[in-house]
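Undergrad: Following this message is one structure expressed as structure tokens.
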Amino acid sequence: MKALDKNVASEMDKAKGLAMVLALSGAVILLGVFFNEIPLATVTSFLGLIGLMGAIVYFKTELLVKYMTFFYMVGITSVGIVICELIPTYLVELKTRSGFAGSAPLLFLGYWVFFAMLLLLERAMAKSGIDYPDVFPTLSETTARVAMNIGCSLVLVLYVLMFMKVATKPAFLMGLDRFYYATEVFEGSPLNGLRAVLPTLLIIPAACLSRGSRKLGVITLFLYLLYSVWVGEKFGSFFLVFILVLLANYHSIRIFLKKNPIKVLGVIAGCVILLVGYAVAYVTFVSDGPSNYLMQRTAQQGQLWWKTFQETEGVAHPAEFSKEVDGMLNGPSSIKDNVGSDYGIYKIMYLCAPDDYIDMRLSNGSRFTDAAFPLAYYYFGVPGVVLYGAISGFIACVITNLLIASSANGSVLILLVICRFYNMFRTTFVQMTLSDYVDLASVMSYVLIALSLLLQKAVGRGPGKMAKETHVKMSNPEIKGGCVDRDE
């Protein structure tokens with residue numbers, strides 16, 4: 001009883017400490033917004049945001065595991081905008097040199113709102129004793145294992161076919177990046193259309209590590225990593241494997257995290273450093289990239305915000321937002337078909353860089369990144385940045401927890417659907433791509449989810465009911481059919 005009281009008191013102290021840091025960092029960033037014309041405001045606002053992220057890791061380490069992809073994207077973009085503001089850098093993609101514009105504090109405010117929303121929702125879930133939304137029908141352990149192994153076997157076959165296609169043409173020997181490589185090797189191939197589904201399928205072998213055959217999952221993931229090396233991937237595909245493995249096995253990782261937090265954080269940091277090191281080595285020794293590639297690439301993450309802040313001069317354009325709706329409903333899905341488009345990330349690209357250069361980039365199937373907050377600022381000014389931070393925080397919490405839930409006890413089909421939406425939102429969070437949410441695949445996914453909700457309600461466990469972490473205790477702290485003990 002005393003131990004329980006001590007744990008409760010410790011959790012309360014952590015909550016109070018995190019709330020204090022949240023308030024303090026918010027005040028610092030808000031001051032930076034008001035005094036954004038002073039370079040020191042950029043530094044203090046940046047430290048405020050980094051302090052908040054560090055406090056979340058310290059007080060709620062499991063949230064780093066759960067929202068690792070968003071921690072990374074926010075962190076790298078924040079460093080990128082600081083480089084653009086405080087370290088004069090020639091931005092190759094924008095064909096201009098960066099300089100101080102006072103744009104950083106407002107972006108940090110949007111990120112602060114994002115994290116505040118995450119913390120608010122996670123706290124509400126914790127106070128309610130909620131582990132994850134119990135909205136999908138739960139499969140038995142035996143059925144789930146068989147279905148997962150069959151699904152993973154099919155994914156493995158597809159990955160073998162894809163690797164056979166590229167085995168004799170490794171990008172690192174051809175000296176091509178992934179965009180030119182795709183055009184060179186896959187153009188006109190019947191396998192070209194399958195490339196888009198490969199990232200979504202990754203969730204199957206990732207979940208198989210705990211719900212199916214671990215060896216089968218490891219082999220399938222390894223083959224995808226090998227394929228990614230062969231086609232010239234430098235970072236994104238490897239990072240996605242890392243993220244999906246964390247989420248698909250979140251419950252067992254969290255158990256280990258409570259026992260060995262330093263070891264888990266060390267593994268996470270080591271993996272990120274290894275991935276970044278590989279990207280730098282690939283560009284330096286294979287693609288003959290610039291010696292300052294790391295700084296250039298990091299600055300690119302913040303360049304569209306920096307340039308949009310300058311170009312708009314504080315003037316919002318709400319009347320143009322209708323173009324976003326039209327683009328979402330009628331815009332081409334292919335990057336190549338969006339040459340000259342005036343919506344979404346393409347609008348910001350044309351705003352910030354020479355038209356002929358953007359035409360060339362898009363025609364090669366390549367686009368910039370981190371245009372979501374710039375778009376929100378372009379259309380609605382400061383309120384748009386704050387609102388987008390809140391909305392994206394809400395969606396990030398919902399979709400991440402649904403992915404964890406479906407990984408733990410959902411069907412393979414539901415797992416694929418939720419993973420597809422998760423991957424789509426990862427892109428939307430930084431690029432504001434919306435057309436995929438209304439295509440045929442998404443409409444069919446909505447129908448499938450609706451049918452699953454109705455089925456769950458029919459068996460007497462309505463979608464409003466939530467599963468708590470009161471599962472059966474096991475001697476081995478691994479997920480078995482999605483059931484673990486929260487205090488094991």
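By order of appearance in the structure tokens: chains A, B, ..., then residues from 1 within every chain, and ligands from 1 in the order shown.
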May I have the residues within 12 Å of segment 292-295 of chain A as number ranges by chain, using only C-alpha atoms and disregarding those fewer than 6 positions away in the same chain?
TA: A: 76-77, 79-84, 87-92, 276-285, 301-303
Undergrad: Contacts of segment 109-111 of chain A at 6 Å or less, counting only C-alpha atoms, minus same-chain residues fewer than 6 places along, as a PyMOL selection string?
TA: chain A and resi 385-386+389
Undergrad: Got time to write the residues from that selection, C-alpha atoms, as a PDB file, in the first residue's frame?
TA:
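Final output, saved to selection_18.pdb:
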ATOM      1  CA  VAL A 385      -0.447  28.786 -36.946  1.00  0.00           C
ATOM      2  CA  VAL A 386      -1.956  28.329 -33.483  1.00  0.00           C
ATOM      3  CA  GLY A 389      -0.808  23.344 -34.027  1.00  0.00           C
TER       4      GLY A 389
END
Undergrad: I need the alpha helix (DSSP H) residues of segment 12-147 of chain A per DSSP on the backbone, written as a count of residues only.
TA: 100
Undergrad: So how far away is atom CA of Leu161 of chain A from atom CA of Leu194 of chain A, in Å?
TA: 10.5 Å
Undergrad: Atom CA of Phe394 of chain A to atom CA of Phe429 of chain A: how many Å, to one decimal?
TA: 11.5 Å
Undergrad: Work out how far apart atom CA of Leu244 of chain A and atom CA of Leu202 of chain A are and give it in Å to one decimal.
TA: 7.4 Å
Undergrad: Tell me, as a PyMOL selection string, which residues lie within 9 Å of Ala167 of chain A, counting only C-alpha atoms; anything in the same chain fewer than 4 positions away does not count.
TA: chain A and resi 162-163+227+230
Undergrad: Pick out the closest residue to Leu40 of chain A from this set: A:Gly102, A:Met174, A:Tyr343, A:Met12. Count only C-alpha atoms.
TA: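 Closest to Leu40 of chain A of all the choices is A:Gly102.
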Undergrad: Which polymer residues have any atom within 12 Å of an atom of Ile399 of chain A, counting only C-alpha atoms, with same-chain residues fewer than 3 positions away left out, as an NGL selection string?
TA: :A and (66-67 or 118 or 132-133 or 247 or 392-396 or 402-406 or 415 or 417-426)
Undergrad: Kindly save the residues from that selection, with C-alpha atoms included, as an mmCIF file, in the first residue's frame.
TA:
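For reference, out_24.cif as written:
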data_model
loop_
_atom_site.group_PDB
_atom_site.id
_atom_site.type_symbol
_atom_site.label_atom_id
_atom_site.label_comp_id
_atom_site.auth_asym_id
_atom_site.auth_seq_id
_atom_site.Cartn_x
_atom_site.Cartn_y
_atom_site.Cartn_z
ATOM 1 C CA LYS A 66 4.863 6.922 -28.837
ATOM 2 C CA TYR A 67 5.409 10.226 -30.675
ATOM 3 C CA LEU A 118 -0.761 16.087 -26.990
ATOM 4 C CA TYR A 132 -6.144 2.817 -25.946
ATOM 5 C CA PRO A 133 -9.538 3.236 -27.626
ATOM 6 C CA LEU A 247 4.557 1.618 -32.179
ATOM 7 C CA SER A 392 -2.465 18.526 -35.731
ATOM 8 C CA GLY A 393 -1.795 17.723 -32.063
ATOM 9 C CA PHE A 394 -5.290 16.300 -31.718
ATOM 10 C CA ILE A 395 -5.009 14.189 -34.879
ATOM 11 C CA ALA A 396 -1.516 12.979 -33.966
ATOM 12 C CA LEU A 402 -5.434 3.920 -32.856
ATOM 13 C CA LEU A 403 -2.348 2.444 -34.533
ATOM 14 C CA ILE A 404 -1.125 1.105 -31.186
ATOM 15 C CA ALA A 405 -4.586 -0.316 -30.493
ATOM 16 C CA SER A 406 -4.892 -2.044 -33.858
ATOM 17 C CA LEU A 415 -4.030 -2.568 -38.994
ATOM 18 C CA VAL A 417 -5.904 0.798 -42.896
ATOM 19 C CA ILE A 418 -4.855 2.625 -39.725
ATOM 20 C CA CYS A 419 -1.178 2.474 -40.706
ATOM 21 C CA ARG A 420 -1.997 3.992 -44.084
ATOM 22 C CA PHE A 421 -3.725 6.916 -42.390
ATOM 23 C CA TYR A 422 -0.832 7.219 -39.915
ATOM 24 C CA ASN A 423 1.707 7.449 -42.752
ATOM 25 C CA MET A 424 -0.520 9.898 -44.597
ATOM 26 C CA PHE A 425 -0.743 12.149 -41.559
ATOM 27 C CA ARG A 426 3.020 12.052 -41.061
#
Undergrad: Got a sec: who's within 8 Å of Ser366 of chain A, counting only C-alpha atoms, leaving out chain neighbours fewer than 3 positions off, as a ChimeraX atom specification?
TA: /A:179,335-336,361-363
Undergrad: Only C-alpha atoms, please: the residues just picked out, written as a CSV table (one decimal), in the first residue's frame.
TA:
chain,number,residue,atom,x,y,z
A,179,PHE,CA,14.0,10.2,-57.5
A,335,ILE,CA,3.8,15.0,-57.9
A,336,LYS,CA,4.8,15.2,-61.6
A,361,ARG,CA,11.8,19.5,-59.4
A,362,LEU,CA,8.2,18.6,-59.7
A,363,SER,CA,8.6,17.1,-63.2
